[in-house]
Each structure stands twice: as C-alpha cells, then as structure tokens.
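File shown: entry.txt (compact mmCIF, C-alpha atoms).
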```txt
# COMPACT_ATOMS: atom_id res chain seq x y z
CA MET A 1 -9.86 8.09 -11.78
CA TYR A 2 -6.26 9.15 -12.15
CA TYR A 3 -2.98 7.26 -12.19
CA PHE A 4 0.64 7.93 -11.41
CA ILE A 5 2.28 5.44 -13.78
CA TYR A 6 5.77 4.54 -12.52
CA VAL A 7 8.22 3.68 -15.30
CA THR A 8 11.97 3.11 -15.25
CA ALA A 9 14.20 4.10 -18.16
CA SER A 10 17.83 3.26 -18.95
CA SER A 11 19.00 6.88 -19.06
CA LYS A 12 17.95 10.51 -18.79
CA GLU A 13 17.79 10.69 -22.58
CA GLU A 14 15.43 7.72 -22.71
CA ALA A 15 13.26 9.22 -19.93
CA GLU A 16 13.05 12.49 -21.91
CA LYS A 17 12.24 10.61 -25.13
CA ILE A 18 9.43 8.65 -23.46
CA ALA A 19 8.07 11.76 -21.69
CA LYS A 20 8.07 13.78 -24.92
CA HIS A 21 6.39 10.94 -26.84
CA LEU A 22 3.56 10.56 -24.27
CA LEU A 23 3.05 14.33 -23.96
CA GLU A 24 2.96 14.85 -27.73
CA LYS A 25 0.33 12.10 -27.99
CA LYS A 26 -1.62 13.85 -25.20
CA LEU A 27 -1.49 10.64 -23.17
CA ALA A 28 -0.01 12.44 -20.14
CA ALA A 29 -0.38 15.91 -18.63
CA CYS A 30 2.95 15.88 -16.81
CA VAL A 31 5.95 13.59 -16.38
CA ASN A 32 8.42 13.83 -13.48
CA PHE A 33 11.73 11.98 -13.69
CA TRP A 34 14.90 11.59 -11.62
CA LYS A 35 18.03 9.51 -11.32
CA ILE A 36 17.94 6.27 -9.33
CA GLU A 37 20.03 3.20 -8.67
CA SER A 38 18.60 -0.26 -9.15
CA MET A 39 19.43 -3.75 -7.96
CA TYR A 40 17.44 -6.59 -9.51
CA TRP A 41 17.48 -10.24 -10.55
CA TRP A 42 18.26 -10.82 -14.22
CA GLU A 43 19.51 -13.98 -15.89
CA GLY A 44 20.17 -15.67 -12.57
CA GLU A 45 22.28 -12.92 -11.03
CA ILE A 46 21.72 -9.78 -8.98
CA GLN A 47 22.40 -6.90 -11.36
CA ARG A 48 23.25 -3.32 -10.49
CA ASP A 49 22.42 -0.33 -12.70
CA GLU A 50 21.80 3.37 -12.85
CA GLU A 51 18.37 4.21 -14.26
CA TYR A 52 15.82 7.00 -14.37
CA ALA A 53 12.49 6.72 -12.54
CA MET A 54 9.49 8.41 -14.12
CA ILE A 55 6.04 9.31 -12.84
CA VAL A 56 3.54 9.74 -15.68
CA LYS A 57 0.45 11.62 -14.52
CA THR A 58 -2.65 10.77 -16.49
CA LYS A 59 -6.22 9.49 -16.48
CA ALA A 60 -6.60 5.86 -15.37
CA GLU A 61 -8.47 4.97 -18.56
CA LYS A 62 -5.33 5.76 -20.57
CA PHE A 63 -3.19 3.05 -18.96
CA SER A 64 -3.29 0.59 -21.87
CA GLU A 65 -2.47 3.25 -24.45
CA VAL A 66 0.37 4.62 -22.30
CA ARG A 67 1.75 1.10 -21.82
CA GLU A 68 1.66 0.33 -25.57
CA GLU A 69 3.25 3.63 -26.57
CA ILE A 70 6.06 3.14 -24.03
CA LYS A 71 6.70 -0.42 -25.19
CA LYS A 72 6.98 0.80 -28.81
CA ILE A 73 9.99 2.98 -28.03
CA HIS A 74 11.52 1.57 -24.80
CA SER A 75 14.95 -0.06 -25.00
CA TYR A 76 14.04 -2.80 -22.49
CA THR A 77 12.23 -6.00 -23.43
CA THR A 78 10.43 -5.95 -20.05
CA PRO A 79 10.10 -2.36 -18.83
CA CYS A 80 8.54 -1.53 -15.48
CA ILE A 81 5.19 0.12 -16.25
CA CYS A 82 3.12 0.07 -13.06
CA ALA A 83 0.15 2.26 -12.13
CA LEU A 84 -0.45 3.69 -8.66
CA ASN A 85 -3.94 5.00 -8.01
CA VAL A 86 -4.42 8.64 -7.06
CA GLU A 87 -6.79 8.24 -4.12
CA GLU A 88 -7.58 11.97 -3.75
CA GLY A 89 -6.20 15.08 -5.39
CA ASP A 90 -6.64 18.82 -5.60
CA ARG A 91 -9.67 19.30 -7.83
CA LYS A 92 -8.11 22.10 -9.89
CA TYR A 93 -5.06 19.91 -10.61
CA LEU A 94 -7.16 16.89 -11.58
CA ASP A 95 -9.33 19.09 -13.83
CA TRP A 96 -6.12 20.22 -15.53
CA ILE A 97 -5.22 16.56 -16.18
CA ASP A 98 -8.72 16.04 -17.63
CA GLU A 99 -8.37 19.07 -19.93
CA THR A 100 -4.84 18.15 -21.03
CA VAL A 101 -5.09 14.39 -21.65
CA GLU A 102 -7.15 13.47 -24.75
CA MET B 1 -1.53 -8.42 -6.26
CA TYR B 2 1.75 -6.51 -6.29
CA TYR B 3 3.25 -3.90 -4.01
CA PHE B 4 5.77 -1.11 -4.24
CA ILE B 5 7.04 -1.06 -0.67
CA TYR B 6 8.48 2.37 0.19
CA VAL B 7 11.30 2.25 2.74
CA THR B 8 13.72 4.93 3.94
CA ALA B 9 17.31 4.10 4.91
CA SER B 10 19.95 6.17 6.72
CA SER B 11 22.49 6.00 3.90
CA LYS B 12 23.26 4.62 0.46
CA GLU B 13 25.21 1.81 2.08
CA GLU B 14 22.21 0.87 4.23
CA ALA B 15 19.90 1.00 1.19
CA GLU B 16 22.27 -1.32 -0.70
CA LYS B 17 22.53 -3.67 2.29
CA ILE B 18 18.72 -3.91 2.62
CA ALA B 19 18.25 -4.30 -1.16
CA LYS B 20 20.86 -7.09 -1.33
CA HIS B 21 19.37 -8.87 1.68
CA LEU B 22 15.82 -8.85 0.22
CA LEU B 23 16.99 -9.88 -3.25
CA GLU B 24 19.13 -12.73 -1.90
CA LYS B 25 16.13 -14.01 0.06
CA LYS B 26 14.07 -13.76 -3.16
CA LEU B 27 11.63 -11.47 -1.37
CA ALA B 28 11.94 -8.78 -4.05
CA ALA B 29 12.45 -8.78 -7.83
CA CYS B 30 13.88 -5.28 -8.00
CA VAL B 31 14.76 -2.42 -5.68
CA ASN B 32 15.13 1.21 -6.78
CA PHE B 33 16.78 3.72 -4.45
CA TRP B 34 17.79 7.38 -4.50
CA LYS B 35 18.95 10.17 -2.24
CA ILE B 36 16.36 12.31 -0.43
CA GLU B 37 16.13 14.91 2.29
CA SER B 38 13.76 14.45 5.21
CA MET B 39 12.14 16.69 7.80
CA TYR B 40 10.22 14.95 10.56
CA TRP B 41 9.13 15.13 14.20
CA TRP B 42 11.35 13.22 16.61
CA GLU B 43 11.68 13.63 20.37
CA GLY B 44 9.64 16.83 20.34
CA GLU B 45 11.62 18.63 17.65
CA ILE B 46 11.56 18.95 13.87
CA GLN B 47 14.62 17.06 12.69
CA ARG B 48 16.40 17.36 9.37
CA ASP B 49 18.33 14.51 7.71
CA GLU B 50 19.65 13.11 4.48
CA GLU B 51 18.30 9.62 3.77
CA TYR B 52 17.81 7.17 0.93
CA ALA B 53 14.32 6.31 -0.35
CA MET B 54 13.76 2.79 -1.63
CA ILE B 55 11.02 1.17 -3.70
CA VAL B 56 10.91 -2.60 -3.18
CA LYS B 57 8.95 -4.31 -5.96
CA THR B 58 7.36 -7.56 -4.89
CA LYS B 59 4.20 -9.64 -4.50
CA ALA B 60 1.70 -8.22 -2.00
CA GLU B 61 1.60 -11.50 -0.08
CA LYS B 62 5.28 -11.02 0.81
CA PHE B 63 4.74 -7.79 2.78
CA SER B 64 5.06 -9.32 6.27
CA GLU B 65 8.23 -11.24 5.39
CA VAL B 66 9.77 -8.16 3.75
CA ARG B 67 8.90 -6.05 6.80
CA GLU B 68 10.44 -8.56 9.23
CA GLU B 69 13.62 -9.01 7.19
CA ILE B 70 14.07 -5.23 6.95
CA LYS B 71 13.53 -4.75 10.68
CA LYS B 72 16.18 -7.43 11.42
CA ILE B 73 18.92 -5.38 9.76
CA HIS B 74 17.69 -1.74 9.74
CA SER B 75 19.53 0.78 11.90
CA TYR B 76 16.30 2.61 12.86
CA THR B 77 14.03 1.52 15.69
CA THR B 78 10.98 2.70 13.69
CA PRO B 79 11.76 2.46 9.97
CA CYS B 80 9.25 3.60 7.34
CA ILE B 81 8.01 0.42 5.63
CA CYS B 82 4.83 1.30 3.76
CA ALA B 83 3.19 -0.57 0.86
CA LEU B 84 1.61 1.14 -2.14
CA ASN B 85 -0.65 -1.05 -4.25
CA VAL B 86 0.17 -1.57 -7.93
CA GLU B 87 -3.27 -0.99 -9.45
CA GLU B 88 -2.33 -2.17 -12.98
CA GLY B 89 0.94 -3.15 -14.58
CA ASP B 90 2.45 -4.47 -17.78
CA ARG B 91 1.67 -8.21 -17.70
CA LYS B 92 5.15 -9.29 -18.81
CA TYR B 93 6.73 -7.23 -16.00
CA LEU B 94 4.33 -8.57 -13.37
CA ASP B 95 4.96 -12.14 -14.60
CA TRP B 96 8.68 -11.47 -14.13
CA ILE B 97 7.98 -10.45 -10.50
CA ASP B 98 5.99 -13.69 -10.05
CA GLU B 99 8.83 -15.80 -11.47
CA THR B 100 11.53 -14.01 -9.47
CA VAL B 101 9.95 -13.70 -6.00
CA GLU B 102 9.68 -17.03 -4.13
CA MET C 1 -5.98 5.03 6.88
CA TYR C 2 -2.72 6.74 5.89
CA TYR C 3 -1.63 8.73 2.85
CA PHE C 4 1.56 9.56 1.08
CA ILE C 5 0.63 12.93 -0.42
CA TYR C 6 2.78 13.66 -3.49
CA VAL C 7 3.43 17.37 -4.05
CA THR C 8 5.75 19.18 -6.43
CA ALA C 9 7.45 22.46 -5.50
CA SER C 10 9.35 24.99 -7.62
CA SER C 11 12.58 24.75 -5.63
CA LYS C 12 14.31 23.16 -2.65
CA GLU C 13 13.57 26.29 -0.64
CA GLU C 14 9.87 26.03 -1.42
CA ALA C 15 9.85 22.30 -0.56
CA GLU C 16 11.49 23.12 2.79
CA LYS C 17 9.03 25.96 3.44
CA ILE C 18 6.02 23.71 2.73
CA ALA C 19 7.47 20.84 4.78
CA LYS C 20 8.17 23.11 7.76
CA HIS C 21 4.70 24.67 7.55
CA LEU C 22 2.93 21.27 7.53
CA LEU C 23 5.12 19.86 10.31
CA GLU C 24 4.66 22.93 12.53
CA LYS C 25 0.88 22.62 12.08
CA LYS C 26 1.20 18.91 13.01
CA LEU C 27 -0.46 17.99 9.71
CA ALA C 28 2.41 15.66 8.76
CA ALA C 29 4.74 13.35 10.66
CA CYS C 30 7.48 13.32 8.03
CA VAL C 31 8.19 14.88 4.64
CA ASN C 32 10.69 13.46 2.13
CA PHE C 33 11.81 15.60 -0.80
CA TRP C 34 14.23 15.36 -3.73
CA LYS C 35 15.14 17.05 -6.97
CA ILE C 36 13.30 16.08 -10.16
CA GLU C 37 12.90 17.22 -13.73
CA SER C 38 9.46 17.80 -15.19
CA MET C 39 7.96 18.01 -18.66
CA TYR C 40 4.33 19.10 -18.89
CA TRP C 41 1.72 20.90 -20.97
CA TRP C 42 1.18 24.54 -20.05
CA GLU C 43 -0.36 27.32 -22.14
CA GLY C 44 -0.34 25.17 -25.26
CA GLU C 45 3.31 24.14 -25.13
CA ILE C 46 5.40 21.36 -23.62
CA GLN C 47 7.34 23.03 -20.82
CA ARG C 48 10.52 21.81 -19.14
CA ASP C 49 11.46 22.62 -15.55
CA GLU C 50 13.47 21.56 -12.55
CA GLU C 51 11.28 20.99 -9.48
CA TYR C 52 11.30 19.24 -6.13
CA ALA C 53 9.06 16.22 -5.45
CA MET C 54 7.73 15.80 -1.94
CA ILE C 55 6.10 12.90 -0.11
CA VAL C 56 4.03 14.11 2.85
CA LYS C 57 3.31 11.24 5.26
CA THR C 58 0.11 11.73 7.21
CA LYS C 59 -3.31 10.40 8.19
CA ALA C 60 -5.77 10.15 5.29
CA GLU C 61 -8.34 12.23 7.17
CA LYS C 62 -5.95 15.20 7.05
CA PHE C 63 -5.90 15.44 3.24
CA SER C 64 -8.20 18.49 2.94
CA GLU C 65 -6.34 20.44 5.62
CA VAL C 66 -2.96 19.56 4.07
CA ARG C 67 -4.22 20.63 0.64
CA GLU C 68 -5.53 23.97 1.93
CA GLU C 69 -2.38 24.76 3.91
CA ILE C 70 -0.20 23.99 0.87
CA LYS C 71 -2.33 26.14 -1.42
CA LYS C 72 -2.03 29.08 1.04
CA ILE C 73 1.75 29.25 0.62
CA HIS C 74 2.53 27.52 -2.72
CA SER C 75 3.88 29.66 -5.57
CA TYR C 76 1.89 27.74 -8.22
CA THR C 77 -1.72 28.49 -9.07
CA THR C 78 -2.33 24.76 -9.72
CA PRO C 79 0.07 22.71 -7.59
CA CYS C 80 0.16 18.91 -7.80
CA ILE C 81 -1.30 17.66 -4.50
CA CYS C 82 -2.20 13.99 -4.99
CA ALA C 83 -2.71 11.31 -2.34
CA LEU C 84 -1.50 7.72 -2.66
CA ASN C 85 -3.01 5.27 -0.22
CA VAL C 86 -0.73 3.34 2.13
CA GLU C 87 -2.15 -0.16 1.68
CA GLU C 88 -0.16 -1.74 4.56
CA GLY C 89 2.59 -0.46 6.80
CA ASP C 90 4.73 -1.38 9.77
CA ARG C 91 2.43 -0.96 12.77
CA LYS C 92 5.02 0.85 14.91
CA TYR C 93 5.61 3.38 12.12
CA LEU C 94 1.90 3.98 11.53
CA ASP C 95 1.37 4.38 15.30
CA TRP C 96 4.10 7.04 15.23
CA ILE C 97 2.18 8.88 12.49
CA ASP C 98 -0.97 8.65 14.65
CA GLU C 99 0.85 10.05 17.70
CA THR C 100 2.55 12.83 15.74
CA VAL C 101 -0.25 14.16 13.51
CA GLU C 102 -2.95 16.09 15.41
```
Can the structure in the file be given as structure tokens, please?
Amino acid sequence: MYYFIYVTASSKEEAEKIAKHLLEKKLAACVNFWKIESMYWWEGEIQRDEEYAMIVKTKAEKFSEVREEIKKIHSYTTPCICALNVEEGDRKYLDWIDETVE
Amino acid sequence: MYYFIYVTASSKEEAEKIAKHLLEKKLAACVNFWKIESMYWWEGEIQRDEEYAMIVKTKAEKFSEVREEIKKIHSYTTPCICALNVEEGDRKYLDWIDETVE
Amino acid sequence: MYYFIYVTASSKEEAEKIAKHLLEKKLAACVNFWKIESMYWWEGEIQRDEEYAMIVKTKAEKFSEVREEIKKIHSYTTPCICALNVEEGDRKYLDWIDETVE
C-alpha cells in the first residue's frame, strides 16, 4: 500500500526543509509542493494565511515515522498531516517507491 | 472519518466566498485553495479555463451539507464537489477538525 | 466508481499535451493542472525540479487505458500515475463524468 501524505507548511523554506529531512531519512521517494492560500478557524476567529501544500509520496507503513519526523521540525503545534490512499498506480512507479523508501 | 472535499471555483473571489460560507457555517475546519488551469469537455468541445482548486477539510458525515451549501452559492450549474477519504491523520489535527466542525 | 488520477509532467506544455490526448480519446472528462516544485531521489541523489501536477477526472475502470495512453506520450521513463478514489461526489457531476468518458 502507498500513501500520498498531504502536509501544509508555513512557507516555501519550511516545505523544502521538511521535504529534504524526509528524503534524507529515506522516508519518502518524492515530495511535491506548491503555494496555496488558507482560511481556517483558529482561536475563535477565521484566519487567513499563505502556506505551502506538500504531497509526500511513500509506503503506507511509513505513515507514523513520517508524522513523527515532521512534528519534530514543523513550526506549527498542530500541523496538517493527512494520508490519502493510492488506490492504483503504475507498477514501475510504485516499484520505484519501494526501492527508494527504506 | 474525515474528508478532503475537492471543489473547483471560477475565480479566487468565488473560492474565498465558498470558503468563508462553509467556515462560518462551521461545516469546515480549514480550506486550502490555489490557482489551476482546466481542460474539459463541455457542449461538445474541449474547453480551456483558469479556475481555483479548493480542498475543504471536514468530517465525512458533513459531506451532504457541504455539497448543498456549495451548490446554493456556486456560479456553476455542475460544480466539481468530490470527497477524498483521509485514510490516516495526525490525531491532534483530526481532533481539531472534530472540535471545530459542528 | 470514479478516480482522480494524479500525474506529474515535466512542463506546462507536456501537461497540456497529455490532457488534450486523454480528452480527445474520451478517457477523461476534465483535467486540472498547476505548477509545482519537486524534490526526489534519482540516481543516488536528491534532485530538484519544477514540474506540473495534473488531476485527471475519470471513471475508475479507465485507469489502465489512461495509464497506457500517458506512457505512450510522456517524456519520463517512470511517470507518476497514481489513482485516488473519489469516495463521494455530487451526483450531477459524477453523471457528467459518466456521460463524457467513453
């Protein structure tokens, strides 16, 4: 089983830092990230921020380790770390994830 | 259970309007949105447009209410409102969704 | 059943080419795409690139055909072609996918 783990970061620098950390630990094969805008409830008010969305591509069994490693370095107290299941994928690509993630 | 509900809007303003509406009704904890390009079949031709993609983060049980509230204010007759299941997530973040969405 | 098939392309032009190809073959009803940055392992090093992410909206049963058609024209030897399952969706929108995809 494989996951796309969706994470949001406070900035491009933080997204890069998290991506690099997960890749160096071989907890992800690839990380995509891009700029987004966010509106959300926080401390009783609707907040508005610019963030970076990330998709961390990895094996499903690595979710807990990925979550813990992100929480060690993330600037938020409650970061969004949510896994979407890859239902089907190109076999060659999934094999590459298997070979890359340790 | 939790959903990331993927919605497309015609503009940034419409994405903001939908996000605000859902947040004010406490039907979402957070909404991310960003600019995209779209190619799609419509009235027998391949159309090309700029849109905004949205991810509405909420409890799965709220899908019908979210769908109806979006359709009340959306400019499209057939908006994309599709739920992706959050397979696993950081417990603290999911608890925050539970506390925020009513 | 319906899929959002997530694909990454090397450029906007390639994303457009793939989208057009899938739409013309009636293998997709709609394709969204946007610019992303990627960090990934390749040939023993962490690589850094700009890419385009794509979401191909189609019927789940079309996954194999979509995958094969993408691989025919994609510039990568191992493109990311991964399906996310649409858990629930607005009925009118899903009907439109059914009518559009052959």
Find the spatial neighbours of Lys26 (chain A), counting only C-alpha atoms, within a cut-off of 12 Å - ignore same-chain residues fewer than 3 positions away - and output them as a list in words.
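Once the nearby chain positions are removed, what remains is Ala19, Lys20, His21, Leu22, Leu23, Ala29, Cys30, Val31, Val56, Lys57, Thr58, Lys59, Lys62, Glu65, Val66, Glu69, Ile97, Asp98, Glu99, Thr100, Val101 and Glu102 of chain A; Tyr40, Trp41, Gly44, Glu45 and Ile46 of chain C.
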Grab the residues selected above and save them as a compact mmCIF listing (two decimals), in the frame of the given file with C-alpha atoms.
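And here's out-v5.txt as it stands now:
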```txt
# COMPACT_ATOMS: atom_id res chain seq x y z
CA ALA A 19 8.07 11.76 -21.69
CA LYS A 20 8.07 13.78 -24.92
CA HIS A 21 6.39 10.94 -26.84
CA LEU A 22 3.56 10.56 -24.27
CA LEU A 23 3.05 14.33 -23.96
CA ALA A 29 -0.38 15.91 -18.63
CA CYS A 30 2.95 15.88 -16.81
CA VAL A 31 5.95 13.59 -16.38
CA VAL A 56 3.54 9.74 -15.68
CA LYS A 57 0.45 11.62 -14.52
CA THR A 58 -2.65 10.77 -16.49
CA LYS A 59 -6.22 9.49 -16.48
CA LYS A 62 -5.33 5.76 -20.57
CA GLU A 65 -2.47 3.25 -24.45
CA VAL A 66 0.37 4.62 -22.30
CA GLU A 69 3.25 3.63 -26.57
CA ILE A 97 -5.22 16.56 -16.18
CA ASP A 98 -8.72 16.04 -17.63
CA GLU A 99 -8.37 19.07 -19.93
CA THR A 100 -4.84 18.15 -21.03
CA VAL A 101 -5.09 14.39 -21.65
CA GLU A 102 -7.15 13.47 -24.75
CA TYR C 40 4.33 19.10 -18.89
CA TRP C 41 1.72 20.90 -20.97
CA GLY C 44 -0.34 25.17 -25.26
CA GLU C 45 3.31 24.14 -25.13
CA ILE C 46 5.40 21.36 -23.62
```
Each chain A residue no farther than 12 Å from chain B, nearest pair in Å, only C-alpha atoms, as CSV:
```
residue,atom,partner,partner_atom,distance
A:Met1,CA,B:Glu87,CA,11.5
A:Tyr2,CA,B:Glu87,CA,10.9
A:Tyr3,CA,B:Glu87,CA,8.7
A:Phe4,CA,B:Glu87,CA,9.9
A:Ile5,CA,B:Gly89,CA,8.7
A:Tyr6,CA,B:Gly89,CA,9.3
A:Val7,CA,B:Gly89,CA,10.0
A:Thr8,CA,B:Asn32,CA,9.2
A:Ala9,CA,B:Asn32,CA,11.8
A:Phe33,CA,B:Trp34,CA,11.9
A:Trp34,CA,B:Trp34,CA,8.8
A:Lys35,CA,B:Trp34,CA,7.1
A:Ile36,CA,B:Trp34,CA,5.0
A:Glu37,CA,B:Phe33,CA,5.4
A:Ser38,CA,B:Asn32,CA,4.5
A:Met39,CA,B:Val31,CA,5.4
A:Tyr40,CA,B:Cys30,CA,4.1
A:Trp41,CA,B:Ala29,CA,5.9
A:Trp42,CA,B:Thr100,CA,8.8
A:Glu43,CA,B:Thr100,CA,10.2
A:Gly44,CA,B:Thr100,CA,9.3
A:Glu45,CA,B:Glu24,CA,9.7
A:Ile46,CA,B:Leu23,CA,7.4
A:Gln47,CA,B:Cys30,CA,9.3
A:Arg48,CA,B:Val31,CA,9.8
A:Asp49,CA,B:Asn32,CA,9.5
A:Glu50,CA,B:Asn32,CA,9.3
A:Glu51,CA,B:Asn32,CA,8.7
A:Tyr52,CA,B:Asn32,CA,9.6
A:Ala53,CA,B:Asn32,CA,8.4
A:Met54,CA,B:Asn32,CA,11.7
A:Ala60,CA,B:Glu88,CA,9.4
A:Glu61,CA,B:Glu88,CA,10.9
A:Lys62,CA,B:Glu88,CA,11.4
A:Phe63,CA,B:Glu88,CA,8.0
A:Ser64,CA,B:Asp90,CA,8.7
A:Glu65,CA,B:Asp90,CA,11.3
A:Val66,CA,B:Asp90,CA,10.4
A:Arg67,CA,B:Asp90,CA,6.9
A:Glu68,CA,B:Asp90,CA,9.2
A:Glu69,CA,B:Asp90,CA,12.0
A:Ile70,CA,B:Asp90,CA,10.5
A:Lys71,CA,B:Asp90,CA,9.5
A:Tyr76,CA,B:Tyr93,CA,10.7
A:Thr77,CA,B:Lys92,CA,9.1
A:Thr78,CA,B:Tyr93,CA,5.6
A:Pro79,CA,B:Tyr93,CA,6.6
A:Cys80,CA,B:Tyr93,CA,6.0
A:Ile81,CA,B:Asp90,CA,5.6
A:Cys82,CA,B:Gly89,CA,4.2
A:Ala83,CA,B:Glu88,CA,5.1
A:Leu84,CA,B:Val86,CA,5.3
A:Asn85,CA,B:Glu87,CA,6.2
A:Val86,CA,B:Glu87,CA,10.0
A:Glu87,CA,B:Asn85,CA,11.1
```
Moved chain C, fitted on chain B by every C-alpha in sequence order, as a short mmCIF file (atom, residue, chain, number, x, y, z; two decimals) with C-alpha atoms, in the frame of the given file:
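The resulting selection09.cif:
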```cif
data_model
loop_
_atom_site.label_atom_id
_atom_site.label_comp_id
_atom_site.auth_asym_id
_atom_site.auth_seq_id
_atom_site.Cartn_x
_atom_site.Cartn_y
_atom_site.Cartn_z
CA MET C 1 -1.55 -8.43 -6.26
CA TYR C 2 1.74 -6.51 -6.29
CA TYR C 3 3.26 -3.89 -4.00
CA PHE C 4 5.76 -1.12 -4.24
CA ILE C 5 7.05 -1.07 -0.66
CA TYR C 6 8.48 2.37 0.19
CA VAL C 7 11.31 2.25 2.73
CA THR C 8 13.72 4.91 3.93
CA ALA C 9 17.31 4.10 4.91
CA SER C 10 19.95 6.17 6.71
CA SER C 11 22.50 6.00 3.90
CA LYS C 12 23.27 4.62 0.45
CA GLU C 13 25.21 1.81 2.09
CA GLU C 14 22.23 0.85 4.21
CA ALA C 15 19.90 1.00 1.18
CA GLU C 16 22.28 -1.32 -0.70
CA LYS C 17 22.53 -3.68 2.28
CA ILE C 18 18.72 -3.90 2.61
CA ALA C 19 18.26 -4.31 -1.15
CA LYS C 20 20.86 -7.09 -1.34
CA HIS C 21 19.36 -8.87 1.68
CA LEU C 22 15.82 -8.84 0.22
CA LEU C 23 16.99 -9.88 -3.25
CA GLU C 24 19.14 -12.73 -1.91
CA LYS C 25 16.13 -14.00 0.07
CA LYS C 26 14.07 -13.75 -3.16
CA LEU C 27 11.62 -11.46 -1.36
CA ALA C 28 11.94 -8.78 -4.05
CA ALA C 29 12.45 -8.78 -7.81
CA CYS C 30 13.89 -5.27 -8.01
CA VAL C 31 14.77 -2.42 -5.67
CA ASN C 32 15.13 1.21 -6.78
CA PHE C 33 16.79 3.72 -4.46
CA TRP C 34 17.80 7.39 -4.49
CA LYS C 35 18.95 10.17 -2.23
CA ILE C 36 16.35 12.30 -0.43
CA GLU C 37 16.12 14.90 2.29
CA SER C 38 13.75 14.44 5.20
CA MET C 39 12.13 16.68 7.79
CA TYR C 40 10.20 14.95 10.57
CA TRP C 41 9.12 15.11 14.20
CA TRP C 42 11.34 13.20 16.61
CA GLU C 43 11.67 13.62 20.38
CA GLY C 44 9.64 16.82 20.34
CA GLU C 45 11.61 18.62 17.64
CA ILE C 46 11.55 18.95 13.86
CA GLN C 47 14.61 17.03 12.69
CA ARG C 48 16.41 17.34 9.36
CA ASP C 49 18.33 14.50 7.72
CA GLU C 50 19.66 13.10 4.49
CA GLU C 51 18.30 9.61 3.77
CA TYR C 52 17.81 7.17 0.92
CA ALA C 53 14.32 6.30 -0.36
CA MET C 54 13.77 2.78 -1.63
CA ILE C 55 11.02 1.17 -3.70
CA VAL C 56 10.92 -2.60 -3.17
CA LYS C 57 8.96 -4.30 -5.97
CA THR C 58 7.36 -7.55 -4.88
CA LYS C 59 4.21 -9.63 -4.50
CA ALA C 60 1.71 -8.21 -2.00
CA GLU C 61 1.61 -11.49 -0.08
CA LYS C 62 5.29 -11.02 0.82
CA PHE C 63 4.74 -7.79 2.78
CA SER C 64 5.06 -9.32 6.28
CA GLU C 65 8.22 -11.23 5.40
CA VAL C 66 9.76 -8.15 3.75
CA ARG C 67 8.90 -6.04 6.80
CA GLU C 68 10.43 -8.55 9.23
CA GLU C 69 13.61 -9.00 7.19
CA ILE C 70 14.07 -5.22 6.96
CA LYS C 71 13.53 -4.75 10.68
CA LYS C 72 16.18 -7.42 11.42
CA ILE C 73 18.93 -5.38 9.76
CA HIS C 74 17.69 -1.75 9.73
CA SER C 75 19.53 0.80 11.89
CA TYR C 76 16.30 2.62 12.85
CA THR C 77 14.03 1.52 15.67
CA THR C 78 10.98 2.70 13.67
CA PRO C 79 11.76 2.46 9.95
CA CYS C 80 9.25 3.60 7.32
CA ILE C 81 8.01 0.41 5.63
CA CYS C 82 4.82 1.30 3.75
CA ALA C 83 3.19 -0.56 0.86
CA LEU C 84 1.60 1.13 -2.15
CA ASN C 85 -0.64 -1.06 -4.26
CA VAL C 86 0.17 -1.56 -7.93
CA GLU C 87 -3.27 -0.98 -9.44
CA GLU C 88 -2.33 -2.16 -12.98
CA GLY C 89 0.94 -3.13 -14.58
CA ASP C 90 2.45 -4.48 -17.77
CA ARG C 91 1.66 -8.20 -17.70
CA LYS C 92 5.15 -9.29 -18.81
CA TYR C 93 6.72 -7.24 -16.00
CA LEU C 94 4.33 -8.57 -13.35
CA ASP C 95 4.95 -12.14 -14.59
CA TRP C 96 8.68 -11.47 -14.11
CA ILE C 97 7.99 -10.44 -10.50
CA ASP C 98 5.99 -13.68 -10.04
CA GLU C 99 8.83 -15.79 -11.46
CA THR C 100 11.52 -14.01 -9.46
CA VAL C 101 9.96 -13.70 -5.99
CA GLU C 102 9.68 -17.02 -4.12
#
```
What gap, in Å, lies between CA of Lys17 (chain A) and CA of Ala15 (chain C)?
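Here the two named atoms are 27.3 Å from each other.
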One-decimal distance in Å that lies between CA of His74 (chain B) and CA of Ser10 (chain B)
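Those two atoms sit 8.8 Å apart.
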In Å and to one decimal, CA of Glu13 (chain A) is distant from CA of Leu27 (chain A) by 19.3 Å
Is it possible to get the axis-aligned box enclosing region 79-90 of chain A (all listed atoms, 3 Å extra per side) as AutoDock Vina command-line options, with centre and edge lengths in Å rounded to one decimal?
```
--center_x 1.3 --center_y 8.2 --center_z -11.3 --size_x 23.7 --size_y 27.2 --size_z 21.1
```
